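The structure file model.cif is reproduced below (mmCIF, C-alpha atoms).
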```cif
data_protein
#
loop_
_atom_site.group_PDB
_atom_site.id
_atom_site.type_symbol
_atom_site.label_atom_id
_atom_site.label_comp_id
_atom_site.auth_asym_id
_atom_site.auth_seq_id
_atom_site.Cartn_x
_atom_site.Cartn_y
_atom_site.Cartn_z
ATOM 1 C CA MET A 160 -10.925 -4.554 -6.401
ATOM 2 C CA ALA A 161 -13.646 -2.207 -5.196
ATOM 3 C CA ARG A 162 -13.507 1.512 -5.852
ATOM 4 C CA PRO A 163 -11.648 3.341 -3.078
ATOM 5 C CA SER A 164 -13.229 5.749 -0.661
ATOM 6 C CA LEU A 165 -11.950 9.331 -0.975
ATOM 7 C CA THR A 166 -11.715 11.539 2.093
ATOM 8 C CA TYR A 167 -10.106 14.891 2.824
ATOM 9 C CA ARG A 168 -8.322 16.335 5.826
ATOM 10 C CA VAL A 169 -6.578 19.627 6.574
ATOM 11 C CA GLU A 170 -2.884 19.580 7.476
ATOM 12 C CA ASP A 171 -0.564 22.571 7.582
ATOM 13 C CA GLY A 172 -3.388 24.683 6.170
ATOM 14 C CA LEU A 173 -3.739 22.410 3.103
ATOM 15 C CA ARG A 174 -6.704 20.307 1.991
ATOM 16 C CA LEU A 175 -5.258 16.865 1.320
ATOM 17 C CA GLY A 176 -6.974 13.773 -0.044
ATOM 18 C CA ALA A 177 -6.625 10.112 0.834
ATOM 19 C CA LEU A 178 -7.744 6.975 -1.016
ATOM 20 C CA LEU A 179 -8.621 3.885 1.019
ATOM 21 C CA TRP A 180 -9.194 0.375 -0.322
ATOM 22 C CA ARG A 181 -10.729 -2.071 2.169
ATOM 23 C CA PHE A 182 -9.771 -5.574 1.043
ATOM 24 C CA GLY A 183 -10.730 -7.396 4.227
ATOM 25 C CA PRO A 184 -9.271 -10.759 5.280
ATOM 26 C CA GLY A 185 -7.919 -13.351 2.868
ATOM 27 C CA TRP A 186 -5.261 -11.238 1.145
ATOM 28 C CA ARG A 187 -1.462 -11.251 1.094
ATOM 29 C CA MET A 188 0.452 -8.210 -0.066
ATOM 30 C CA ILE A 189 3.984 -7.240 -0.979
ATOM 31 C CA SER A 190 4.830 -3.567 -0.754
ATOM 32 C CA SER A 191 7.686 -1.100 -0.628
ATOM 33 C CA ALA A 192 5.642 1.277 1.548
ATOM 34 C CA MET A 193 7.001 2.295 4.940
ATOM 35 C CA LEU A 194 3.756 1.270 6.652
ATOM 36 C CA GLY A 195 2.960 -2.393 6.040
ATOM 37 C CA GLY A 196 5.902 -2.916 3.704
ATOM 38 C CA GLY A 197 7.414 -6.328 3.034
ATOM 39 C CA VAL A 198 5.260 -9.441 2.593
ATOM 40 C CA GLY A 199 2.347 -10.442 4.790
ATOM 41 C CA ARG A 200 -1.382 -10.504 5.442
ATOM 42 C CA ARG A 201 -2.929 -7.092 4.924
ATOM 43 C CA GLU A 202 -6.543 -5.914 4.901
ATOM 44 C CA TRP A 203 -6.434 -2.383 3.509
ATOM 45 C CA VAL A 204 -4.340 -0.016 1.433
ATOM 46 C CA LEU A 205 -4.097 3.736 1.970
ATOM 47 C CA ASN A 206 -2.701 6.214 -0.552
ATOM 48 C CA ALA A 207 -2.534 9.576 1.187
ATOM 49 C CA GLN A 208 -1.602 12.950 -0.233
ATOM 50 C CA VAL A 209 0.931 14.906 1.810
ATOM 51 C CA ALA A 210 2.414 18.352 1.373
ATOM 52 C CA ALA A 211 5.213 18.796 -1.147
ATOM 53 C CA GLY A 212 8.501 18.871 0.720
ATOM 54 C CA TYR A 213 7.114 16.485 3.383
ATOM 55 C CA SER A 214 9.552 16.485 6.278
ATOM 56 C CA ARG A 215 7.843 14.708 9.184
ATOM 57 C CA MET A 216 10.080 12.252 10.981
ATOM 58 C CA ASP A 217 7.229 9.868 11.887
ATOM 59 C CA PRO A 218 5.785 8.792 8.513
ATOM 60 C CA VAL A 219 4.852 5.296 9.730
ATOM 61 C CA GLU A 220 2.882 6.645 12.674
ATOM 62 C CA HIS A 221 1.380 9.349 10.452
ATOM 63 C CA MET A 222 0.083 6.852 7.867
ATOM 64 C CA ASP A 223 -1.102 4.455 10.579
ATOM 65 C CA ALA A 224 -3.154 7.237 12.182
ATOM 66 C CA LEU A 225 -4.847 7.921 8.838
ATOM 67 C CA GLY A 226 -5.741 4.259 8.285
ATOM 68 C CA PRO A 227 -8.727 2.298 9.661
ATOM 69 C CA GLY A 228 -6.669 0.199 12.065
ATOM 70 C CA GLY A 229 -5.403 -3.356 11.809
ATOM 71 C CA PRO A 230 -2.859 -4.673 9.318
ATOM 72 C CA GLY A 231 -2.617 -2.521 6.222
ATOM 73 C CA VAL A 232 -0.354 -0.702 3.783
ATOM 74 C CA GLY A 233 0.136 3.071 3.836
ATOM 75 C CA MET A 234 1.659 4.957 0.889
ATOM 76 C CA MET A 235 2.099 8.709 0.532
ATOM 77 C CA THR A 236 2.406 11.123 -2.361
ATOM 78 C CA ALA A 237 2.388 14.846 -3.083
ATOM 79 C CA ALA A 238 0.233 14.246 -6.171
ATOM 80 C CA LEU A 239 -3.525 14.736 -6.232
ATOM 81 C CA VAL A 240 -4.837 11.297 -5.324
ATOM 82 C CA GLU A 241 -8.308 12.009 -6.689
ATOM 83 C CA ARG A 242 -6.749 12.095 -10.170
ATOM 84 C CA TYR A 243 -5.892 8.391 -9.969
ATOM 85 C CA ALA A 244 -5.912 6.291 -13.129
ATOM 86 C CA ALA A 245 -7.215 2.718 -13.176
ATOM 87 C CA ALA A 246 -6.983 -0.141 -15.662
ATOM 88 C CA SER A 247 -7.662 -3.867 -15.767
ATOM 89 C CA ASP A 248 -6.636 -6.815 -17.896
ATOM 90 C CA GLY A 249 -7.983 -10.341 -17.595
ATOM 91 C CA GLY A 250 -8.747 -9.998 -13.882
ATOM 92 C CA ALA A 251 -5.579 -8.073 -12.960
ATOM 93 C CA GLU A 252 -6.393 -4.578 -11.744
ATOM 94 C CA ALA A 253 -4.042 -1.609 -11.383
ATOM 95 C CA VAL A 254 -4.431 1.871 -9.940
ATOM 96 C CA ALA A 255 -1.784 4.586 -10.229
ATOM 97 C CA THR A 256 -1.479 8.060 -8.804
ATOM 98 C CA VAL A 257 1.039 9.877 -10.948
ATOM 99 C CA GLY A 258 3.110 12.908 -9.974
ATOM 100 C CA LEU A 259 6.115 13.742 -12.129
ATOM 101 C CA GLY A 260 7.411 16.967 -10.653
ATOM 102 C CA VAL A 261 10.839 15.415 -10.124
ATOM 103 C CA PRO A 262 11.370 12.609 -12.655
ATOM 104 C CA THR A 263 14.564 10.610 -12.183
ATOM 105 C CA TRP A 264 16.785 8.076 -13.874
ATOM 106 C CA ALA A 265 17.512 5.243 -11.455
ATOM 107 C CA ALA A 266 21.217 5.249 -12.359
ATOM 108 C CA SER A 267 22.104 8.928 -12.054
ATOM 109 C CA PRO A 268 25.619 10.338 -11.664
ATOM 110 C CA GLU A 269 26.604 10.817 -8.039
ATOM 111 C CA GLY A 270 26.112 14.359 -6.798
ATOM 112 C CA VAL A 271 24.000 15.479 -9.768
ATOM 113 C CA PRO A 272 20.590 16.760 -8.554
ATOM 114 C CA ASP A 273 17.416 15.697 -10.306
ATOM 115 C CA PRO A 274 16.347 18.651 -12.472
ATOM 116 C CA GLY A 275 12.624 18.654 -11.772
ATOM 117 C CA VAL A 276 9.881 19.813 -14.066
ATOM 118 C CA PRO A 277 8.707 23.431 -13.631
ATOM 119 C CA ALA A 278 5.049 23.335 -12.718
ATOM 120 C CA ALA A 279 2.586 25.757 -11.175
ATOM 121 C CA ALA A 280 0.698 24.528 -8.136
ATOM 122 C CA GLU A 281 -2.962 23.708 -8.636
ATOM 123 C CA PRO A 282 -5.849 23.668 -6.154
ATOM 124 C CA GLY A 283 -5.151 21.151 -3.426
ATOM 125 C CA GLU A 284 -1.411 21.128 -3.992
ATOM 126 C CA GLU A 285 1.190 23.062 -2.057
ATOM 127 C CA PRO A 286 3.016 25.699 -4.120
ATOM 128 C CA ALA A 287 6.624 24.861 -4.889
ATOM 129 C CA ARG A 288 8.924 26.183 -2.191
ATOM 130 C CA GLU A 289 12.599 26.966 -2.275
ATOM 131 C CA ALA A 290 14.720 24.756 -0.109
ATOM 132 C CA VAL A 291 18.213 25.255 1.170
ATOM 133 C CA GLY A 292 20.673 22.711 -0.162
ATOM 134 C CA ALA A 293 24.011 21.896 1.363
ATOM 135 C CA GLY A 294 26.003 25.074 0.966
ATOM 136 C CA ASP A 295 23.750 26.396 -1.786
ATOM 137 C CA ALA A 296 20.729 28.430 -0.716
ATOM 138 C CA GLY A 297 17.676 27.882 -2.882
ATOM 139 C CA ALA A 298 19.394 25.140 -4.851
ATOM 140 C CA SER A 299 16.423 22.786 -4.931
ATOM 141 C CA VAL A 300 12.706 23.323 -5.424
ATOM 142 C CA PRO A 301 10.392 20.556 -4.178
ATOM 143 C CA ARG A 302 7.667 19.754 -6.703
ATOM 144 C CA PRO A 303 4.599 17.559 -6.327
ATOM 145 C CA GLY A 304 5.655 14.069 -7.241
ATOM 146 C CA THR A 305 5.697 10.304 -6.659
ATOM 147 C CA ILE A 306 4.105 7.462 -8.601
ATOM 148 C CA ASN A 307 2.250 5.044 -6.361
ATOM 149 C CA ILE A 308 0.896 1.842 -7.892
ATOM 150 C CA LEU A 309 -1.556 -0.665 -6.415
ATOM 151 C CA VAL A 310 -2.181 -3.983 -8.171
ATOM 152 C CA ALA A 311 -4.665 -6.689 -7.203
ATOM 153 C CA VAL A 312 -5.119 -10.155 -8.708
ATOM 154 C CA PRO A 313 -7.717 -12.783 -7.697
ATOM 155 C CA VAL A 314 -5.211 -15.655 -7.361
ATOM 156 C CA ALA A 315 -2.494 -16.735 -4.935
ATOM 157 C CA PHE A 316 1.210 -16.139 -5.650
ATOM 158 C CA SER A 317 4.299 -17.774 -4.212
ATOM 159 C CA ASP A 318 6.795 -15.441 -2.508
ATOM 160 C CA PRO A 319 9.195 -15.543 -5.487
ATOM 161 C CA ALA A 320 6.292 -14.760 -7.835
ATOM 162 C CA LEU A 321 5.372 -11.778 -5.672
ATOM 163 C CA VAL A 322 8.894 -10.409 -5.941
ATOM 164 C CA ASN A 323 8.805 -11.026 -9.684
ATOM 165 C CA ALA A 324 5.459 -9.188 -9.876
ATOM 166 C CA VAL A 325 7.023 -6.091 -8.304
ATOM 167 C CA MET A 326 9.729 -6.216 -10.984
ATOM 168 C CA THR A 327 7.026 -6.522 -13.645
ATOM 169 C CA VAL A 328 5.134 -3.535 -12.230
ATOM 170 C CA THR A 329 8.299 -1.427 -12.278
ATOM 171 C CA GLU A 330 9.209 -2.425 -15.832
ATOM 172 C CA ALA A 331 5.693 -1.641 -17.095
ATOM 173 C CA LYS A 332 5.734 1.699 -15.282
ATOM 174 C CA THR A 333 9.012 2.719 -16.903
ATOM 175 C CA GLN A 334 7.779 1.627 -20.343
ATOM 176 C CA ALA A 335 4.667 3.779 -19.912
ATOM 177 C CA LEU A 336 6.630 6.837 -18.777
ATOM 178 C CA ILE A 337 8.975 6.684 -21.756
ATOM 179 C CA GLU A 338 6.048 6.208 -24.143
ATOM 180 C CA ALA A 339 4.366 9.235 -22.549
ATOM 181 C CA GLY A 340 7.429 11.339 -23.323
ATOM 182 C CA PHE A 341 9.080 11.419 -19.904
ATOM 183 C CA PRO A 342 12.771 10.448 -20.126
ATOM 184 C CA CYS A 343 12.933 8.775 -16.722
ATOM 185 C CA THR A 344 12.477 5.529 -14.825
ATOM 186 C CA GLY A 345 10.115 7.116 -12.303
ATOM 187 C CA THR A 346 10.676 9.300 -9.256
ATOM 188 C CA ALA A 347 12.921 8.649 -6.277
ATOM 189 C CA SER A 348 9.963 8.156 -3.930
ATOM 190 C CA ASP A 349 7.741 5.775 -5.924
ATOM 191 C CA ALA A 350 5.934 2.990 -4.052
ATOM 192 C CA VAL A 351 4.371 -0.306 -5.124
ATOM 193 C CA CYS A 352 1.843 -2.661 -3.569
ATOM 194 C CA VAL A 353 0.716 -5.974 -5.086
ATOM 195 C CA ALA A 354 -2.233 -7.780 -3.465
ATOM 196 C CA VAL A 355 -2.953 -11.477 -4.053
ATOM 197 C CA ARG A 356 -5.318 -14.005 -2.519
ATOM 198 C CA GLU A 357 -4.162 -16.153 0.394
ATOM 199 C CA GLU A 358 -5.964 -19.320 -0.657
ATOM 200 C CA GLY A 359 -6.163 -21.290 -3.883
ATOM 201 C CA PRO A 360 -3.717 -22.717 -6.411
ATOM 202 C CA VAL A 361 -0.420 -20.855 -6.159
ATOM 203 C CA GLU A 362 1.049 -19.099 -9.181
ATOM 204 C CA ALA A 363 4.774 -19.787 -9.395
ATOM 205 C CA PHE A 364 5.654 -16.973 -11.795
ATOM 206 C CA GLY A 365 5.009 -13.228 -11.927
ATOM 207 C CA GLY A 366 7.216 -12.130 -14.813
ATOM 208 C CA PRO A 367 5.894 -10.264 -17.853
ATOM 209 C CA ARG A 368 5.618 -13.445 -19.942
ATOM 210 C CA SER A 369 3.742 -15.459 -17.338
ATOM 211 C CA VAL A 370 -0.071 -15.511 -17.545
ATOM 212 C CA TRP A 371 -0.744 -13.227 -14.584
ATOM 213 C CA GLY A 372 2.468 -11.245 -14.918
ATOM 214 C CA ALA A 373 1.523 -10.285 -18.465
ATOM 215 C CA ARG A 374 -1.908 -9.152 -17.296
ATOM 216 C CA ILE A 375 -0.348 -7.131 -14.489
ATOM 217 C CA ALA A 376 2.092 -5.525 -16.929
ATOM 218 C CA ARG A 377 -0.642 -4.466 -19.342
ATOM 219 C CA ALA A 378 -2.881 -3.083 -16.582
ATOM 220 C CA VAL A 379 -0.038 -1.126 -14.959
ATOM 221 C CA HIS A 380 1.175 0.173 -18.310
ATOM 222 C CA ARG A 381 -2.294 1.488 -19.173
ATOM 223 C CA ALA A 382 -2.868 3.102 -15.761
ATOM 224 C CA VAL A 383 0.543 4.811 -15.642
ATOM 225 C CA LEU A 384 0.334 5.922 -19.275
ATOM 226 C CA ASP A 385 -3.077 7.499 -18.675
ATOM 227 C CA GLY A 386 -1.909 9.070 -15.419
ATOM 228 C CA ALA A 387 1.259 10.500 -16.967
ATOM 229 C CA ARG A 388 -0.643 11.983 -19.897
ATOM 230 C CA ASP A 389 -3.198 13.484 -17.521
ATOM 231 C CA TRP A 390 -0.415 14.986 -15.383
ATOM 232 C CA ARG A 391 1.167 16.609 -18.447
ATOM 233 C CA ALA A 392 -2.155 17.878 -19.825
ATOM 234 C CA ARG A 393 -3.069 19.570 -16.534
ATOM 235 C CA ARG A 394 0.225 21.442 -16.494
ATOM 236 C CA ALA A 395 -0.162 22.571 -20.078
ATOM 237 C CA THR A 396 -3.375 24.467 -19.276
#
```
I need this file expressed as structure tokens, please.
Amino acid sequence: MARPSLTYRVEDGLRLGALLWRFGPGWRMISSAMLGGGVGRREWVLNAQVAAGYSRMDPVEHMDALGPGGPGVGMMTAALVERYAAASDGGAEAVATVGLGVPTWAASPEGVPDPGVPAAAEPGEEPAREAVGAGDAGASVPRPGTINILVAVPVAFSDPALVNAVMTVTEAKTQALIEAGFPCTGTASDAVCVAVREEGPVEAFGGPRSVWGARIARAVHRAVLDGARDWRARRAT
């Protein structure tokens, strides 16, 4: 996977970054992103920073306008994308942009808001803003967040193996967060994209004890662990 291009734009008075990977033809991807989500042929992946408290009602069109055109995947985050962490293992490559302003447990009691982590805004990020909750003014404070993960492997996967790979990515992410000292499974807006080749012998398994699943798990774990530690260190200064 080639290094991404990094560009900046100004939206709502903020300087926001965007990472773009140009894969070209010959790739299949599975993703949870709103733009290009699902399973299919894709040629690029965009990871774009947006303002904290993003409230546009046209996120698909927004991400599509920021991309190069053609079939691709568009993810968004309030974290600084230029602080991405990358790792590789045996040909499996992983990149993570980590924002932990609002860490969550997946199974949280109904009606209990996620606490958030107090954090001062840094250059390029929007300062935290008070938001009006239902019947409780100023009840919630949006913080920069979201963990977006991109994985690429140089082999073909079956559809079930692709689904299994997404599970593996998520498990490795959670393991890394807990090891980094964050009691959470992630954030409520995390996104995943796994890219595999279209042609060649097809891998039937993507779990953490399969050959390629294990490599994916180790690469994701390293990238998320490094990204989480970097996020914490920047807020301690």
Query raised in the report: Please, what distance in Å, to one decimal, runs between atom CA of A:Thr396 and atom CA of A:Gly212?
Result: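 Calculated distance between atom CA of A:Thr396 and atom CA of A:Gly212 is 23.9 Å.
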Requested in this report: May I have the residues within 7 Å of stretch 202-211 of chain A as a ChimeraX atom specification, using only C-alpha atoms and disregarding those fewer than 3 positions away in the same chain?
Outcome: /A:175-184,186,226,230-240,285,301-303
Query raised in the report: Hey, which of A:Ala335, A:Ala378, A:Leu225, A:Ala387 ends up closest to A:Leu259? Count all atoms listed in the file.
Result: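 Nearest to A:Leu259: A:Ala387.
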**Report entry** Nearest to A:Ala253 by atom-to-atom distance, counting only C-alpha atoms, from A:Val312, A:Ala373, A:Leu173, A:Val198
**Finding:** A:Val312
Query raised in the report: Nearest to A:Ala161: which of A:Glu252, A:Glu330, A:Glu269, A:Asp389 is it, counting all atoms listed in the file?
Result: A:Glu252
Query raised in the report: Nearest to A:Val322 among A:Met160, A:Ala255, A:Ile189, A:Ala354, with distances taken over only C-alpha atoms: which residue is it?
Result: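 Of the candidates, the smallest distance to A:Val322 is held by A:Ile189.
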Query raised in the report: What separation in Å, quoted to one decimal, exists between atom CA of A:Asp223 and atom CA of A:Ala192?
Result: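 Atom CA of A:Asp223 sits 11.7 Å away from atom CA of A:Ala192.
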Query - Top pick for closest residue to A:Met326, considering A:Val351, A:Ala382, A:Ile306, A:Met188 and counting only C-alpha atoms - result: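 Comparing A:Val351, A:Ala382, A:Ile306, A:Met188 against A:Met326, the winner is A:Val351.
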**Report entry** Residue nearest A:Ala347 - candidates A:Val169, A:Val379, A:Ala251, A:Ala265, atoms counted: all atoms listed in the file
**Finding:**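 The answer is A:Ala265, which sits nearest to A:Ala347.
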Query raised in the report: Evaluating the PyMOL selection byres ((chain A and resi 391) around 12) on the displayed file yields which residues, as a list in words?
Result: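 Taken over the shown coordinates, the PyMOL selection byres ((chain A and resi 391) around 12) returns Val257, Gly258, Leu259, Gly260, Val276, Pro277, Ala278, Ala279, Leu336, Ala339, Gly340, Phe341, Leu384, Asp385, Gly386, Ala387, Arg388, Asp389, Trp390, Ala392, Arg393, Arg394, Ala395 and Thr396 of chain A.
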Please write the residues from the selection above to a file, keeping C-alpha atoms, as a PDB file, in the frame of the given file.
```pdb
ATOM      1  CA  VAL A 257       1.039   9.877 -10.948  1.00  0.00           C
ATOM      2  CA  GLY A 258       3.110  12.908  -9.974  1.00  0.00           C
ATOM      3  CA  LEU A 259       6.115  13.742 -12.129  1.00  0.00           C
ATOM      4  CA  GLY A 260       7.411  16.967 -10.653  1.00  0.00           C
ATOM      5  CA  VAL A 276       9.881  19.813 -14.066  1.00  0.00           C
ATOM      6  CA  PRO A 277       8.707  23.431 -13.631  1.00  0.00           C
ATOM      7  CA  ALA A 278       5.049  23.335 -12.718  1.00  0.00           C
ATOM      8  CA  ALA A 279       2.586  25.757 -11.175  1.00  0.00           C
ATOM      9  CA  LEU A 336       6.630   6.837 -18.777  1.00  0.00           C
ATOM     10  CA  ALA A 339       4.366   9.235 -22.549  1.00  0.00           C
ATOM     11  CA  GLY A 340       7.429  11.339 -23.323  1.00  0.00           C
ATOM     12  CA  PHE A 341       9.080  11.419 -19.904  1.00  0.00           C
ATOM     13  CA  LEU A 384       0.334   5.922 -19.275  1.00  0.00           C
ATOM     14  CA  ASP A 385      -3.077   7.499 -18.675  1.00  0.00           C
ATOM     15  CA  GLY A 386      -1.909   9.070 -15.419  1.00  0.00           C
ATOM     16  CA  ALA A 387       1.259  10.500 -16.967  1.00  0.00           C
ATOM     17  CA  ARG A 388      -0.643  11.983 -19.897  1.00  0.00           C
ATOM     18  CA  ASP A 389      -3.198  13.484 -17.521  1.00  0.00           C
ATOM     19  CA  TRP A 390      -0.415  14.986 -15.383  1.00  0.00           C
ATOM     20  CA  ALA A 392      -2.155  17.878 -19.825  1.00  0.00           C
ATOM     21  CA  ARG A 393      -3.069  19.570 -16.534  1.00  0.00           C
ATOM     22  CA  ARG A 394       0.225  21.442 -16.494  1.00  0.00           C
ATOM     23  CA  ALA A 395      -0.162  22.571 -20.078  1.00  0.00           C
ATOM     24  CA  THR A 396      -3.375  24.467 -19.276  1.00  0.00           C
TER      25      THR A 396
END
```
Query raised in the report: Where does the PyMOL selection byres ((chain A and resi 331-334) around 7) land in this file, that is, which residues does it pick, as JSON, numbers by chain?
Result: {"A": [327, 328, 329, 330, 335, 336, 337, 338, 344, 345, 376, 379, 380, 383]}
**Report entry** Distance of atom CA of A:Ala324 from atom CA of A:Arg242, expressed in Å to one decimal place
**Finding:**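 Going from atom CA of A:Arg242 over to atom CA of A:Ala324 covers 24.5 Å.
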